[in-house]
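Here is the file structure_31.pdb (PDB, C-alpha atoms and all ligand atoms).
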ATOM      1  CA  MET U   1     145.054 138.911 140.556
ATOM      2  CA  THR U   2     146.501 140.931 137.676
ATOM      3  CA  SER U   3     149.864 142.676 137.572
ATOM      4  CA  ARG U   4     150.411 146.039 135.928
ATOM      5  CA  TYR U   5     153.382 148.314 135.465
ATOM      6  CA  PRO U   6     153.162 151.900 136.836
ATOM      7  CA  HIS U   7     152.957 153.620 133.434
ATOM      8  CA  PRO U   8     149.327 152.601 132.588
ATOM      9  CA  PHE U   9     148.065 154.346 135.730
ATOM     10  CA  SER U  10     147.051 157.991 135.693
ATOM     11  CA  GLY U  11     148.808 160.544 137.906
ATOM     12  CA  GLY U  12     145.934 160.542 140.363
ATOM     13  CA  GLN U  13     145.875 156.743 140.545
ATOM     14  CA  ARG U  14     149.635 156.674 141.217
ATOM     15  CA  GLN U  15     149.205 159.224 143.992
ATOM     16  CA  ARG U  16     146.483 157.131 145.607
ATOM     17  CA  ILE U  17     148.643 153.996 145.340
ATOM     18  CA  GLY U  18     151.476 155.910 147.014
ATOM     19  CA  ILE U  19     149.158 156.976 149.828
ATOM     20  CA  ALA U  20     148.045 153.368 150.315
ATOM     21  CA  ARG U  21     151.649 152.099 150.454
ATOM     22  CA  GLY U  22     152.838 154.531 153.134
ATOM     23  CA  PRO U  23     150.576 153.484 156.041
ATOM     24  CA  ALA U  24     151.170 149.780 155.282
ATOM     25  CA  LEU U  25     154.563 150.130 157.019
ATOM     26  CA  GLU U  26     152.898 151.577 160.161
ATOM     27  CA  PRO U  27     155.132 154.657 160.268
ATOM     28  CA  ASP U  28     155.178 157.257 163.057
ATOM     29  CA  ALA U  29     155.202 160.002 160.445
ATOM     30  CA  LEU U  30     154.656 160.471 156.729
ATOM     31  CA  ILE U  31     156.676 162.908 154.612
ATOM     32  CA  CYS U  32     154.756 163.981 151.520
ATOM     33  CA  ASP U  33     156.893 165.960 149.077
ATOM     34  CA  GLU U  34     154.773 167.947 146.605
ATOM     35  CA  PRO U  35     152.138 165.197 146.448
ATOM     36  CA  VAL U  36     149.579 167.146 144.418
ATOM     37  CA  SER U  37     151.703 169.468 142.294
ATOM     38  CA  ALA U  38     151.239 167.603 138.997
ATOM     39  CA  LEU U  39     147.532 166.847 139.361
ATOM     40  CA  ASP U  40     144.492 168.678 138.063
ATOM     41  CA  VAL U  41     142.309 170.417 140.629
ATOM     42  CA  SER U  42     139.594 167.764 140.967
ATOM     43  CA  VAL U  43     142.134 164.968 141.519
ATOM     44  CA  GLN U  44     144.079 167.234 143.903
ATOM     45  CA  ALA U  45     140.963 167.523 146.054
ATOM     46  CA  GLN U  46     140.481 163.734 146.125
ATOM     47  CA  VAL U  47     144.118 163.140 147.101
ATOM     48  CA  ILE U  48     144.041 165.858 149.779
ATOM     49  CA  ASN U  49     140.847 164.495 151.315
ATOM     50  CA  LEU U  50     142.198 160.939 151.256
ATOM     51  CA  ARG U  51     145.390 162.070 152.972
ATOM     52  CA  ALA U  52     143.471 164.032 155.621
ATOM     53  CA  ASP U  53     141.284 160.986 156.250
ATOM     54  CA  LEU U  54     144.339 158.755 156.717
ATOM     55  CA  ARG U  55     145.881 161.260 159.114
ATOM     56  CA  ARG U  56     142.720 161.251 161.247
ATOM     57  CA  ARG U  57     142.256 157.493 161.237
ATOM     58  CA  LEU U  58     145.878 156.448 161.762
ATOM     59  CA  GLY U  59     146.972 159.331 163.991
ATOM     60  CA  VAL U  60     150.329 159.728 162.263
ATOM     61  CA  GLY U  61     152.125 163.034 161.906
ATOM     62  CA  VAL U  62     152.295 164.270 158.321
ATOM     63  CA  VAL U  63     155.013 166.592 157.009
ATOM     64  CA  PHE U  64     153.531 168.111 153.881
ATOM     65  CA  ILE U  65     155.932 169.935 151.528
ATOM     66  CA  ALA U  66     154.166 172.173 149.011
ATOM     67  CA  HIS U  67     154.264 175.460 147.130
ATOM     68  CA  ASP U  68     150.489 175.792 146.848
ATOM     69  CA  LEU U  69     149.541 178.093 149.722
ATOM     70  CA  SER U  70     145.817 177.396 149.562
ATOM     71  CA  VAL U  71     146.456 173.641 149.838
ATOM     72  CA  VAL U  72     148.783 174.194 152.805
ATOM     73  CA  ARG U  73     146.231 176.375 154.578
ATOM     74  CA  HIS U  74     143.550 173.739 154.068
ATOM     75  CA  LEU U  75     145.679 170.894 155.437
ATOM     76  CA  ALA U  76     148.180 172.142 157.988
ATOM     77  CA  ASP U  77     147.976 172.722 161.745
ATOM     78  CA  ARG U  78     151.420 174.323 161.757
ATOM     79  CA  VAL U  79     153.384 175.895 158.923
ATOM     80  CA  ALA U  80     157.129 176.417 158.405
ATOM     81  CA  VAL U  81     157.990 178.892 155.628
ATOM     82  CA  MET U  82     161.386 178.264 154.037
ATOM     83  CA  TYR U  83     163.557 180.527 151.913
ATOM     84  CA  LEU U  84     166.801 179.311 150.307
ATOM     85  CA  GLY U  85     167.148 176.387 152.701
ATOM     86  CA  ARG U  86     166.410 178.244 155.935
ATOM     87  CA  VAL U  87     163.238 178.545 157.995
ATOM     88  CA  ALA U  88     161.979 182.131 157.704
ATOM     89  CA  GLU U  89     158.956 181.710 159.970
ATOM     90  CA  VAL U  90     157.131 178.927 161.778
ATOM     91  CA  GLY U  91     153.877 178.913 163.706
ATOM     92  CA  GLY U  92     150.208 177.990 163.801
ATOM     93  CA  THR U  93     148.487 178.142 160.433
ATOM     94  CA  ALA U  94     146.113 180.960 161.409
ATOM     95  CA  SER U  95     148.878 183.228 162.718
ATOM     96  CA  ILE U  96     151.128 182.610 159.707
ATOM     97  CA  TYR U  97     148.333 183.382 157.231
ATOM     98  CA  ASP U  98     146.576 186.180 159.106
ATOM     99  CA  GLU U  99     149.485 187.951 160.848
ATOM    100  CA  PRO U 100     152.774 187.021 159.144
ATOM    101  CA  ALA U 101     155.798 188.383 161.014
ATOM    102  CA  ASN U 102     158.388 187.952 158.293
ATOM    103  CA  PRO U 103     158.719 189.996 155.081
ATOM    104  CA  TYR U 104     159.271 186.858 153.018
ATOM    105  CA  THR U 105     156.060 185.268 154.305
ATOM    106  CA  GLN U 106     154.268 188.511 153.509
ATOM    107  CA  ALA U 107     155.699 188.450 149.986
ATOM    108  CA  LEU U 108     154.584 184.846 149.495
ATOM    109  CA  LEU U 109     151.077 185.530 150.722
ATOM    110  CA  SER U 110     150.794 188.624 148.572
ATOM    111  CA  ALA U 111     151.044 186.337 145.532
ATOM    112  CA  VAL U 112     147.688 184.829 146.533
ATOM    113  CA  PRO U 113     144.923 187.054 145.107
ATOM    114  CA  SER U 114     143.397 188.955 148.033
ATOM    115  CA  PRO U 115     142.460 192.639 148.396
ATOM    116  CA  ASP U 116     143.776 192.628 151.986
ATOM    117  CA  ARG U 117     147.298 191.710 151.001
ATOM    118  CA  ALA U 118     147.800 193.714 147.819
ATOM    119  CA  ALA U 119     149.804 196.446 149.581
ATOM    120  CA  ARG U 120     152.335 194.008 150.988
ATOM    121  CA  GLY U 121     152.930 192.540 147.550
ATOM    122  CA  ARG U 122     153.775 195.894 146.011
ATOM    123  CA  ARG U 123     156.591 196.418 148.523
ATOM    124  CA  VAL U 124     158.681 193.402 147.487
ATOM    125  CA  ARG U 125     161.711 194.355 145.434
ATOM    126  CA  THR U 126     161.776 192.812 142.004
ATOM    127  CA  GLY U 127     164.695 190.927 140.499
ATOM    128  CA  GLU U 128     165.966 187.425 140.090
ATOM    129  CA  PRO U 129     166.039 185.242 143.211
ATOM    130  CA  PRO U 130     169.606 184.608 144.465
ATOM    131  CA  SER U 131     171.335 181.346 143.643
ATOM    132  CA  PRO U 132     170.848 178.627 146.308
ATOM    133  CA  ILE U 133     174.468 177.516 145.784
ATOM    134  CA  ASP U 134     175.799 181.020 146.460
ATOM    135  CA  PRO U 135     173.229 182.607 148.785
ATOM    136  CA  PRO U 136     173.585 186.186 150.089
ATOM    137  CA  THR U 137     175.373 186.702 153.406
ATOM    138  CA  GLY U 138     173.377 187.603 156.491
ATOM    139  CA  CYS U 139     169.665 187.208 155.940
ATOM    140  CA  ARG U 140     169.236 185.434 152.628
ATOM    141  CA  PHE U 141     166.197 187.529 151.765
ATOM    142  CA  ASN U 142     168.012 190.873 152.161
ATOM    143  CA  PRO U 143     168.497 191.716 148.422
ATOM    144  CA  ARG U 144     164.716 191.568 147.920
ATOM    145  CA  CYS U 145     163.446 192.859 151.261
ATOM    146  CA  TRP U 146     161.995 196.358 151.619
ATOM    147  CA  LEU U 147     162.842 196.395 155.359
ATOM    148  CA  ALA U 148     166.521 195.447 154.937
ATOM    149  CA  GLN U 149     169.122 197.405 156.932
ATOM    150  CA  ASP U 150     172.907 197.014 157.180
ATOM    151  CA  ILE U 151     172.619 194.379 159.904
ATOM    152  CA  CYS U 152     170.598 192.191 157.514
ATOM    153  CA  ARG U 153     173.499 192.042 155.053
ATOM    154  CA  HIS U 154     175.953 190.779 157.701
ATOM    155  CA  ASP U 155     174.120 188.902 160.460
ATOM    156  CA  ALA U 156     171.806 185.964 159.838
ATOM    157  CA  PRO U 157     168.719 186.554 161.998
ATOM    158  CA  PRO U 158     167.944 183.842 164.572
ATOM    159  CA  LEU U 159     164.526 182.255 164.719
ATOM    160  CA  ARG U 160     162.828 183.929 167.705
ATOM    161  CA  GLU U 161     159.383 184.115 169.197
ATOM    162  CA  ILE U 162     157.363 187.206 168.361
ATOM    163  CA  GLY U 163     154.958 188.206 171.130
ATOM    164  CA  ASP U 164     153.816 185.816 173.846
ATOM    165  CA  HIS U 165     152.202 183.160 171.705
ATOM    166  CA  GLY U 166     152.957 184.347 168.201
ATOM    167  CA  PRO U 167     154.941 182.723 165.440
ATOM    168  CA  ARG U 168     158.719 182.389 165.493
ATOM    169  CA  SER U 169     160.318 184.557 162.837
ATOM    170  CA  ALA U 170     163.904 184.762 161.555
ATOM    171  CA  CYS U 171     163.914 188.508 161.004
ATOM    172  CA  HIS U 172     165.791 191.327 162.762
ATOM    173  CA  PHE U 173     162.742 193.551 162.231
ATOM    174  CA  ALA U 174     159.890 191.101 162.704
ATOM    175  CA  GLU U 175     157.950 193.472 164.950
ATOM    176  CA  GLU U 176     158.098 196.169 162.250
ATOM    177  CA  ALA U 177     157.065 193.644 159.604
ATOM    178  CA  LEU U 178     154.121 192.579 161.762
ATOM    179  CA  ARG U 179     152.970 196.189 162.111
ATOM    180  CA  SER U 180     153.414 197.022 158.410
ATOM    181  CA  PRO U 181     150.184 197.424 156.431
TER     182      PRO U 181
HETATM  183  S1  LIG A 201     166.241 190.161 158.581
HETATM  184 FE1  LIG A 201     166.271 192.044 157.364
HETATM  185  S2  LIG A 201     166.406 191.376 155.211
HETATM  186 FE2  LIG A 201     165.783 189.601 156.447
HETATM  187  S3  LIG A 201     163.571 189.579 156.312
HETATM  188 FE3  LIG A 201     164.109 190.704 158.163
HETATM  189  S4  LIG A 201     164.214 192.870 157.540
HETATM  190 FE4  LIG A 201     164.246 191.631 155.678
END

Go ahead and render the structure in this file as structure tokens.
Ligand code: SF4
Amino acid sequence: MTSRYPHPFSGGQRQRIGIARGPALEPDALICDEPVSALDVSVQAQVINLRADLRRRLGVGVVFIAHDLSVVRHLADRVAVMYLGRVAEVGGTASIYDEPANPYTQALLSAVPSPDRAARGRRVRTGEPPSPIDPPTGCRFNPRCWLAQDICRHDAPPLREIGDHGPRSACHFAEEALRSP
């Protein structure tokens, strides 16, 4: 048996070693924080498929933290969208991607090239994102939200269910957001 330090391994090899180490402890859940962000696309696909295979075979829950929306859609059964440390919307993957009920989710999805979502993207106000150490009062998305009203600047919206089986959205005007083109 040979011993090697981590630095001779490539990024993809280190990711695969990390995946192999996690299940060895027989956990109930795995938390994967940006596991593919630094990898090229072909290695990303290998790592994603390996992780999905492990999830199926071991039956463990996987919390996957990522910024790449196409990767999340490919992997996740449920999605929680976060903005400045708070959950903006949570629900099944299909409902979050196909019928988002929160303006921030709509803004995020509009960044993914798609003719269906171009209109939503144009409605996001431009400007620098607020500082996470001094977030806006009320709804943290209010300085950039096209649906913002006075209540949004004072009252943080609770996470609530939209419709009978829809997602849960932290937005005072989630129904309006859902209906917006
Ligand atoms: S609560 Fe108000 S500011 Fe926040 S996402 Fe909803 S409409 Fe926009």

List every residue of chain U that has an atom at most 6 Å from any atom of ligand LIG 201 (chain A), and for each one report the closest atom pair and its distance in Å to one decimal, counting all atoms listed in the file, with rows sorted by chain and then by increasing residue number, as JSON lines.
{"residue": "U:Asn102", "atom": "CA", "partner": "A:LIG201", "partner_atom": "S3", "distance": 5.8}
{"residue": "U:Pro103", "atom": "CA", "partner": "A:LIG201", "partner_atom": "S3", "distance": 5.0}
{"residue": "U:Cys139", "atom": "CA", "partner": "A:LIG201", "partner_atom": "FE2", "distance": 4.6}
{"residue": "U:Phe141", "atom": "CA", "partner": "A:LIG201", "partner_atom": "FE2", "distance": 5.1}
{"residue": "U:Asn142", "atom": "CA", "partner": "A:LIG201", "partner_atom": "S2", "distance": 3.5}
{"residue": "U:Cys145", "atom": "CA", "partner": "A:LIG201", "partner_atom": "FE4", "distance": 4.7}
{"residue": "U:Leu147", "atom": "CA", "partner": "A:LIG201", "partner_atom": "S4", "distance": 4.4}
{"residue": "U:Ala148", "atom": "CA", "partner": "A:LIG201", "partner_atom": "S2", "distance": 4.1}
{"residue": "U:Cys152", "atom": "CA", "partner": "A:LIG201", "partner_atom": "FE1", "distance": 4.3}
{"residue": "U:Pro157", "atom": "CA", "partner": "A:LIG201", "partner_atom": "S1", "distance": 5.6}
{"residue": "U:Cys171", "atom": "CA", "partner": "A:LIG201", "partner_atom": "FE3", "distance": 3.6}
{"residue": "U:His172", "atom": "CA", "partner": "A:LIG201", "partner_atom": "S1", "distance": 4.4}
{"residue": "U:Phe173", "atom": "CA", "partner": "A:LIG201", "partner_atom": "S4", "distance": 5.0}

Counting all atoms listed in the file, write as a PyMOL selection string all protein and nucleic acid residues lying at most 7 Å from (155.3, 158.1, 162.2) in the file's frame.
chain U and resi 27-30+60-61

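Across the structure, CA of Ser37 in chain U and CA of Arg78 in chain U are spaced 20.1 Å apart.
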
For Asp134 in chain U, please output as a PDB file with C-alpha atoms, in the coordinates of the input all residues within 12 Å (counting only C-alpha atoms; exclusion window: fewer than 4 positions along the same chain).
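What follows is the written file result_36.pdb:
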ATOM      1  CA  LEU U  84     166.801 179.311 150.307  1.00  0.00           C
ATOM      2  CA  GLY U  85     167.148 176.387 152.701  1.00  0.00           C
ATOM      3  CA  PRO U 129     166.039 185.242 143.211  1.00  0.00           C
ATOM      4  CA  PRO U 130     169.606 184.608 144.465  1.00  0.00           C
ATOM      5  CA  ARG U 140     169.236 185.434 152.628  1.00  0.00           C
TER       6      ARG U 140
END

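For range 158-165 of chain U, the non-local neighbours within 9 Å, defined as residues at least 4 positions apart in the same chain or in other chains and counting only C-alpha atoms, are U:Val87, U:Ala88, U:Glu89, U:Val90, U:Ala101, U:Ser169, U:Ala170, U:Cys171, U:His172, U:Ala174, U:Glu175.
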
Can you list every residue of range 36-103 of chain U that has an atom at most 10 Å from range 15-26 of chain U, with its nearest atom pair and the distance in Å to one decimal, using all atoms listed in the file, ordered by chain then number, as a Markdown table?
| residue | atom | partner | partner_atom | distance |
| --- | --- | --- | --- | --- |
| U:Val36 | CA | U:Gln15 | CA | 7.9 |
| U:Ala38 | CA | U:Gln15 | CA | 10.0 |
| U:Leu39 | CA | U:Gln15 | CA | 9.1 |
| U:Val43 | CA | U:Gln15 | CA | 9.4 |
| U:Gln44 | CA | U:Gln15 | CA | 9.5 |
| U:Gln46 | CA | U:Arg16 | CA | 8.9 |
| U:Val47 | CA | U:Arg16 | CA | 6.6 |
| U:Ile48 | CA | U:Arg16 | CA | 10.0 |
| U:Leu50 | CA | U:Arg16 | CA | 8.0 |
| U:Arg51 | CA | U:Ile19 | CA | 7.1 |
| U:Leu54 | CA | U:Pro23 | CA | 8.2 |
| U:Arg55 | CA | U:Pro23 | CA | 9.6 |
| U:Leu58 | CA | U:Pro23 | CA | 8.0 |
| U:Val60 | CA | U:Glu26 | CA | 8.8 |

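The interatomic distance for the pair CA of Val112 in chain U and CA of Ala80 in chain U works out to 17.3 Å.
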
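Candidate residues U:Arg168, U:Ala52, U:Val41, U:Arg144 were compared for distance to Gly91 in chain U, and the nearest is U:Arg168, using all atoms listed in the file.
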
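The nearest approach to Thr105 in chain U among the residues U:Val81, U:Arg179, U:Ser70, U:Arg4, with all atoms listed in the file taken into account, belongs to U:Val81.
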
What separates CA of Glu99 in chain U and CA of His67 in chain U is a distance of 19.2 Å

Can you sort out range 34-45 of chain U so it carries N, CA, C and O atoms, written as a PDB file, in the coordinates of the input?
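Result went into rebuild_28.pdb, see below:
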ATOM      1  N   GLU U  34     155.522 167.463 147.762  1.00  0.00           N
ATOM      2  CA  GLU U  34     154.773 167.947 146.605  1.00  0.00           C
ATOM      3  C   GLU U  34     153.812 166.883 146.057  1.00  0.00           C
ATOM      4  O   GLU U  34     153.848 166.554 144.868  1.00  0.00           O
ATOM      5  N   PRO U  35     152.952 166.331 146.892  1.00  0.00           N
ATOM      6  CA  PRO U  35     152.138 165.197 146.448  1.00  0.00           C
ATOM      7  C   PRO U  35     151.039 165.548 145.454  1.00  0.00           C
ATOM      8  O   PRO U  35     150.497 164.657 144.814  1.00  0.00           O
ATOM      9  N   VAL U  36     150.689 166.816 145.323  1.00  0.00           N
ATOM     10  CA  VAL U  36     149.579 167.146 144.418  1.00  0.00           C
ATOM     11  C   VAL U  36     149.985 168.120 143.315  1.00  0.00           C
ATOM     12  O   VAL U  36     149.130 168.609 142.576  1.00  0.00           O
ATOM     13  N   SER U  37     151.287 168.386 143.191  1.00  0.00           N
ATOM     14  CA  SER U  37     151.703 169.468 142.294  1.00  0.00           C
ATOM     15  C   SER U  37     151.419 169.180 140.822  1.00  0.00           C
ATOM     16  O   SER U  37     151.217 170.097 140.044  1.00  0.00           O
ATOM     17  N   ALA U  38     151.408 167.904 140.417  1.00  0.00           N
ATOM     18  CA  ALA U  38     151.239 167.603 138.997  1.00  0.00           C
ATOM     19  C   ALA U  38     149.816 167.168 138.646  1.00  0.00           C
ATOM     20  O   ALA U  38     149.579 166.666 137.554  1.00  0.00           O
ATOM     21  N   LEU U  39     148.888 167.365 139.578  1.00  0.00           N
ATOM     22  CA  LEU U  39     147.532 166.847 139.361  1.00  0.00           C
ATOM     23  C   LEU U  39     146.559 167.966 139.035  1.00  0.00           C
ATOM     24  O   LEU U  39     146.739 169.110 139.455  1.00  0.00           O
ATOM     25  N   ASP U  40     145.488 167.631 138.296  1.00  0.00           N
ATOM     26  CA  ASP U  40     144.492 168.678 138.063  1.00  0.00           C
ATOM     27  C   ASP U  40     143.671 168.872 139.338  1.00  0.00           C
ATOM     28  O   ASP U  40     143.714 168.068 140.266  1.00  0.00           O
ATOM     29  N   VAL U  41     142.903 169.969 139.369  1.00  0.00           N
ATOM     30  CA  VAL U  41     142.309 170.417 140.629  1.00  0.00           C
ATOM     31  C   VAL U  41     141.370 169.384 141.237  1.00  0.00           C
ATOM     32  O   VAL U  41     141.367 169.157 142.451  1.00  0.00           O
ATOM     33  N   SER U  42     140.561 168.705 140.399  1.00  0.00           N
ATOM     34  CA  SER U  42     139.594 167.764 140.967  1.00  0.00           C
ATOM     35  C   SER U  42     140.309 166.563 141.587  1.00  0.00           C
ATOM     36  O   SER U  42     139.917 166.084 142.662  1.00  0.00           O
ATOM     37  N   VAL U  43     141.389 166.095 140.944  1.00  0.00           N
ATOM     38  CA  VAL U  43     142.134 164.968 141.519  1.00  0.00           C
ATOM     39  C   VAL U  43     142.905 165.435 142.750  1.00  0.00           C
ATOM     40  O   VAL U  43     143.032 164.701 143.739  1.00  0.00           O
ATOM     41  N   GLN U  44     143.411 166.679 142.715  1.00  0.00           N
ATOM     42  CA  GLN U  44     144.079 167.234 143.903  1.00  0.00           C
ATOM     43  C   GLN U  44     143.163 167.140 145.113  1.00  0.00           C
ATOM     44  O   GLN U  44     143.572 166.716 146.191  1.00  0.00           O
ATOM     45  N   ALA U  45     141.907 167.533 144.929  1.00  0.00           N
ATOM     46  CA  ALA U  45     140.963 167.523 146.054  1.00  0.00           C
ATOM     47  C   ALA U  45     140.769 166.106 146.583  1.00  0.00           C
ATOM     48  O   ALA U  45     140.740 165.890 147.800  1.00  0.00           O
TER      49      ALA U  45
END
